[in-house]
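Worksheet: one structure, shown below.
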Amino acid sequence: MLAFFANPWGLLGLVAVPAVLAIHLFQRRFPPLEVAGLHLWGVQAPTAEAGRRRDRLPVSPSLILEVLLATLLALLLAQPRWGATATVRHVVAVLDGSASMSAESATGETFAERAVATLADRDATGPPTVWTVVASGTRPVVLAGPRLAWDEVSPTLADWTPTASRHDPKSAWDLAGEIAGEKGSVLYLTDRDVSAELETDAPRPPATVETVAIGEARPNVAITSTRWDASTGRVFLRVANYATAPADVTVAAVGTPQGASGQAPVEVFATVVSLEANAEKSFSADVPEELAELVVKLRGGSDALPLDSTTTLLAPPTRVVAVANTLPADHPFAAPLGRVLDALRGVAEVEAGRADLVFGVGPPPDGSQPERWTLRFGDTVRGQAGSSFVGPYLIDERDPLTAGVTLSGVIWSVPPGEPSTQPSGPLVSVGDKSLLYQTGAGRDYVLDIDPGRTNLPQTPDWPVLVANFVEARRDSLPGARRRNVRVGEPVGFVLPPEVDADDPAPLKVARRGEAEGRPVARSRLVRLPPFEEAGVYEIRDGEETIETFAAHWVDPAESSLLELSTGRTPAVDAAGVTTKVASTWPLAVAAAIAAGLLFADWKILQRKGGEG
């Protein structure tokens with residue numbers, strides 16, 4: 001057994017002992033003397049000499065208690081420890097945060113639970129160990145630590161459920177290596193034997209990391225793709241059977257009607273889908289227009305990972321773009337533009353005064369409606385004979401308005417002279433000539449082209465260009481373009497006009513049913529961090545919900561559990577650190593004794609004061 005102090009500087013508190021002795025040494029107290037009258041108190045009365053002098057130290061119960069109390073308090077400050085010197089390892093455990101770790105083994109436990117049990121067994125049977133636990137993911141997270149005893153780590157790991165999509169664990173290994181330093185060791189627990197992946201491109205842990213695989217091949221059925229199409233009123237799913245035997249899987253859905261809060265969901269469809277071994281099949285079904293929410297579940301087959309067998313979908317938002325085609329009937333682009341607009345979904349042709357997007361000719365907008373977008377076709381008043389180009393064209397591929405536009409084989413003619421509106425942001429140019437550009441008047445664009453001397457309307461680039469303008473305008477409309485997103489996918493939406501974008505108070509995002517949420521910066525275009533777990537999330541402005549999203553978990557790479565296995569790859573060098581392991585329970589006992597001494601001294605002094 002070895003005694004030592006965790007805080008040796010606390011021993012400076014022992015200076016209180018000589019201070020107590022000095023107080024008792026230099027004080028003079030006279031015992032009470034009872035007399036019959038004051039006249040009897042005369043020259044025989046003892047008188048104290050002036051000044052202080054040293055007397056013999058009176059040993060009293062108060063002195064003994066105060067010395068003991070001062071000594072004990074100094075020892076408490078020094079934090080004494082009793083124990084044995086031993087080699088205590090600092091192990092940084094990296095737990096694979098992939099969703100496949102949540103799959104159930106043949107014995108009914110999940111691989112995540114098996115990983116935690118492996119750590120507990122090592123702590124119980126191995127040398128004394130302090131732990132730091134890191135979970136891998138898109139961003140690694142320290143679950144517990146650093147340097148905690150197992151009884152402090154295990155409560156945190158009891159609530160850990162891995163749900164991450166397939167990711168590169170290198171960042172988690174790097175973080176663990178930094179925490180472990182030169183004297184610690186790193187242990188990686190996963191469900192795939194990395195030693196069997198030497199011939200693949202799978203990431204390999206560093207040689208200093210011990211890897212233990214605790215998985216096993218398991219069959220699983222999963223939803224690998226979902227889409228609710230508002231224009232057709234149908235939901236599209238892709239279902240997979242990751243198993244070595246065929247399976248009949250029931251795809252069932254229940255829906256909640258619009259404004260039916262508190263009502264029981266109604267069954268929408270239930271269909272049996274026959275799946276071959278290790279195969280996928282697409283499925284679609286009609287969805288009533290009045291539904292606000294749809295919950296799809298798989299039943300049947302061998303399902304080791306429930307996470308990917310259920311998904312919640314919200315009715316997609318209705319985002320119709322009001323478009324006005326103000327080109328004259330005899331304009332060469334009028335008919336081709338009308339044909340493209342008729343073919344696009346979610347487009348309503350309206351009058352120019354009510355339009356979100358206006359195609360036409362004429363002067364730039366006056367700025368009275370800054371939210372309106374315009375695409376104006378070039379001037380014909382500049383003459384008939386101009387320059388013609390066949391490329392190569394310089395296209396700004398970063399702008400969504402020109403996404404997919406190549407202009408291969410396009411003859412582009414420009415009237416002579418300078419355009420009436422000068423460009424401020426070219427999207428398509430040739431040489432020093434801007435052909436498609438944005439002006440300085442808000443979202444005003446000009447297609448500088450001679451409509452009678454070009455083949456652009458007859459090329460595949462024409463419908464792509466028009467569709468890009470329509471979809472870009474749709475994205476800028478208030479609300480969310482998509483309410484059904486994948487876990488880990490960035491999310492954004494435009495604030496509705498009735499919500500103040502300049503209010504300094506942040507918005508809140510919370511799972512449905514949660515009272516509190518995390519703050520989100522408020523702006524006209526709200527960008528949310530990716531949702532890390534499946535569920536329905538609400539965006540709130542105070543007590544009002546202004547937008548709702550459903551995050552569904554889809555990752556075929558994680559849903560396939562047939563490649564899970566066991567194995568162990570030892571580390572090249574397992575380090576340890578020598579430190580002192582000791583119990584701290586004597587501190588609690590010493591504190592209780594100190595409290596008792598303080599109380600006893602107080603009682604003694606109180607009794608003496610009463611006697612005086």
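Chain lettering (A, B, ...) mirrors the order of the structure tokens, residue numbering begins at 1 for each chain separately, and ligand numbering begins at 1 in order of display.
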
* Members of region 58-215 of chain A assigned helix (DSSP H, G or I) by DSSP, as a PyMOL selection string -> chain A and resi 61-78+99-102+111-125+150-158+170-180+194-197

* Considering only C-alpha atoms, return as a ChimeraX atom specification whatever protein or nucleic-acid residues lie within 12 Å of Gly440 (chain A), sequence-local ones (same chain, fewer than 6 positions apart) excluded. => /A:364-367,370,421-426,446

Store the residues picked out above in a file with N, CA, C and O atoms, as a JSON list (two decimals), in the first residue's frame.
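Once everything was written out, this is selection.json:
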```json
[["chain", "number", "residue", "atom", "x", "y", "z"],
["A", 364, "PRO", "N", -35.88, 47.69, -69.60],
["A", 364, "PRO", "CA", -35.75, 46.98, -68.31],
["A", 364, "PRO", "C", -36.86, 47.38, -67.36],
["A", 364, "PRO", "O", -37.49, 48.42, -67.52],
["A", 365, "PRO", "N", -37.15, 46.55, -66.37],
["A", 365, "PRO", "CA", -38.22, 46.86, -65.40],
["A", 365, "PRO", "C", -37.88, 48.12, -64.61],
["A", 365, "PRO", "O", -36.71, 48.49, -64.44],
["A", 366, "ASP", "N", -38.93, 48.77, -64.12],
["A", 366, "ASP", "CA", -38.75, 50.03, -63.41],
["A", 366, "ASP", "C", -38.39, 49.85, -61.94],
["A", 366, "ASP", "O", -38.18, 50.83, -61.23],
["A", 367, "GLY", "N", -38.34, 48.61, -61.46],
["A", 367, "GLY", "CA", -37.97, 48.35, -60.07],
["A", 367, "GLY", "C", -39.11, 48.39, -59.10],
["A", 367, "GLY", "O", -38.92, 48.23, -57.90],
["A", 370, "PRO", "N", -39.51, 44.33, -57.30],
["A", 370, "PRO", "CA", -38.16, 43.75, -57.30],
["A", 370, "PRO", "C", -38.14, 42.23, -57.22],
["A", 370, "PRO", "O", -37.13, 41.61, -57.56],
["A", 421, "THR", "N", -29.13, 48.03, -72.96],
["A", 421, "THR", "CA", -28.86, 47.75, -71.54],
["A", 421, "THR", "C", -27.49, 47.11, -71.43],
["A", 421, "THR", "O", -27.21, 46.11, -72.09],
["A", 422, "GLN", "N", -26.65, 47.67, -70.60],
["A", 422, "GLN", "CA", -25.29, 47.17, -70.45],
["A", 422, "GLN", "C", -25.27, 45.99, -69.47],
["A", 422, "GLN", "O", -25.99, 45.98, -68.47],
["A", 423, "PRO", "N", -24.42, 45.00, -69.77],
["A", 423, "PRO", "CA", -24.35, 43.82, -68.88],
["A", 423, "PRO", "C", -23.62, 44.13, -67.59],
["A", 423, "PRO", "O", -22.70, 44.95, -67.55],
["A", 424, "SER", "N", -24.07, 43.45, -66.51],
["A", 424, "SER", "CA", -23.36, 43.53, -65.23],
["A", 424, "SER", "C", -22.86, 42.17, -64.79],
["A", 424, "SER", "O", -21.99, 42.09, -63.94],
["A", 425, "GLY", "N", -23.38, 41.11, -65.35],
["A", 425, "GLY", "CA", -22.94, 39.76, -65.00],
["A", 425, "GLY", "C", -23.16, 38.82, -66.16],
["A", 425, "GLY", "O", -24.27, 38.29, -66.31],
["A", 426, "PRO", "N", -22.17, 38.58, -67.03],
["A", 426, "PRO", "CA", -22.36, 37.71, -68.18],
["A", 426, "PRO", "C", -22.45, 36.23, -67.79],
["A", 426, "PRO", "O", -21.69, 35.76, -66.94],
["A", 446, "VAL", "N", -30.96, 39.52, -70.00],
["A", 446, "VAL", "CA", -31.09, 39.87, -71.42],
["A", 446, "VAL", "C", -30.45, 38.77, -72.25],
["A", 446, "VAL", "O", -29.31, 38.35, -71.99]]
```

* To do: Identify, on the basis of only C-alpha atoms, every residue whose closest approach to Thr545 (chain A) does not exceed 12 Å; exclude the query and any residue fewer than 3 positions from it along the same chain; express the result as a count of residues only.
  => 17

* Kindly indicate which residue among A:Pro127, A:Pro169, A:Pro246, A:Pro265 lies nearest to Pro219 (chain A), using only C-alpha atoms for the distances. =>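 The answer is A:Pro246, which sits nearest to Pro219 (chain A).
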
* Asked: In terms of the shortest atom-to-atom distance over only C-alpha atoms, which of A:Glu543, A:Glu178, A:Ser284, A:Leu407 is closest to Gly517 (chain A)?
  ->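 Answer, going by the shortest atom-to-atom distance: A:Glu543.
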